[in-house]
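Novice: Structure in structure tokens, see below.
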Amino acid sequence: MSDETRANDNKWAPWWAYVVIIAGCNIVKQPLIEPYGIVLNVIVTIALVAGLFVLITAVYRGLAKPKQDG
């Protein structure tokens, strides 16, 4: 396995971490934002997903330990 492949192994969190956290936050957000209209809902959803994506990735990279051979 090349050094580049090993470096990319810890670059992203598992896909399910993104799905579960983003879906859960969206379920909580929806009843709070729904009365304010679709435009605000779309804006908040995009901002929420982008922010959570960055946060999940940053936390995962901070917690992930580099794999060591031997």
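Letters A, B, ... go to the chains of the structure tokens in the order shown; residues in each chain start at 1; ligands are counted from 1 in the same order.
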List every residue of chain A that DSSP, applied to the backbone, labels as alpha helix (DSSP H), and write the result as an mmCIF file with C-alpha atoms, in the first residue's frame.
Specialist:
```cif
data_model
loop_
_atom_site.group_PDB
_atom_site.id
_atom_site.type_symbol
_atom_site.label_atom_id
_atom_site.label_comp_id
_atom_site.auth_asym_id
_atom_site.auth_seq_id
_atom_site.Cartn_x
_atom_site.Cartn_y
_atom_site.Cartn_z
ATOM 1 C CA ASP A 3 1.971 6.278 1.432
ATOM 2 C CA GLU A 4 -0.669 8.295 -0.437
ATOM 3 C CA THR A 5 -3.283 5.553 -0.007
ATOM 4 C CA ARG A 6 -2.537 5.347 3.735
ATOM 5 C CA ALA A 7 -2.827 9.121 4.050
ATOM 6 C CA ASN A 8 -6.241 9.088 2.362
ATOM 7 C CA ASP A 9 -7.538 6.294 4.623
ATOM 8 C CA TRP A 15 -20.236 7.621 5.147
ATOM 9 C CA TRP A 16 -22.725 6.577 7.822
ATOM 10 C CA ALA A 17 -21.406 9.213 10.233
ATOM 11 C CA TYR A 18 -22.341 11.961 7.775
ATOM 12 C CA VAL A 19 -25.747 10.440 6.967
ATOM 13 C CA VAL A 20 -26.833 9.799 10.560
ATOM 14 C CA ILE A 21 -25.735 13.174 11.949
ATOM 15 C CA ILE A 22 -27.006 15.274 9.027
ATOM 16 C CA ALA A 23 -30.344 13.412 8.862
ATOM 17 C CA GLY A 24 -30.833 13.691 12.627
ATOM 18 C CA CYS A 25 -30.108 17.409 12.662
ATOM 19 C CA ASN A 26 -32.418 17.937 9.691
ATOM 20 C CA ILE A 27 -35.256 16.138 11.479
ATOM 21 C CA VAL A 28 -34.801 18.454 14.463
ATOM 22 C CA LYS A 29 -34.471 21.559 12.241
ATOM 23 C CA GLN A 30 -37.508 20.910 10.043
ATOM 24 C CA PRO A 31 -40.335 21.677 12.518
ATOM 25 C CA LEU A 32 -38.473 24.758 13.771
ATOM 26 C CA ILE A 33 -37.903 26.349 10.347
ATOM 27 C CA ILE A 38 -39.387 27.377 1.789
ATOM 28 C CA VAL A 39 -36.696 29.913 0.892
ATOM 29 C CA LEU A 40 -35.443 30.195 4.455
ATOM 30 C CA ASN A 41 -35.745 26.423 4.850
ATOM 31 C CA VAL A 42 -33.512 25.832 1.809
ATOM 32 C CA ILE A 43 -30.939 28.402 2.973
ATOM 33 C CA VAL A 44 -30.783 26.966 6.489
ATOM 34 C CA THR A 45 -30.607 23.395 5.158
ATOM 35 C CA ILE A 46 -27.672 24.191 2.861
ATOM 36 C CA ALA A 47 -25.830 26.036 5.627
ATOM 37 C CA LEU A 48 -26.546 23.242 8.124
ATOM 38 C CA VAL A 49 -25.333 20.475 5.815
ATOM 39 C CA ALA A 50 -22.180 22.389 4.845
ATOM 40 C CA GLY A 51 -21.370 23.247 8.453
ATOM 41 C CA LEU A 52 -21.991 19.717 9.697
ATOM 42 C CA PHE A 53 -19.896 18.244 6.876
ATOM 43 C CA VAL A 54 -16.949 20.444 7.851
ATOM 44 C CA LEU A 55 -17.451 19.773 11.573
ATOM 45 C CA ILE A 56 -17.759 15.987 11.191
ATOM 46 C CA THR A 57 -14.663 15.859 9.004
ATOM 47 C CA ALA A 58 -12.637 18.062 11.383
ATOM 48 C CA VAL A 59 -13.617 16.028 14.443
ATOM 49 C CA TYR A 60 -12.897 12.744 12.680
ATOM 50 C CA ARG A 61 -9.477 13.913 11.504
ATOM 51 C CA GLY A 62 -8.697 15.120 15.002
ATOM 52 C CA LEU A 63 -9.687 11.803 16.562
#
```
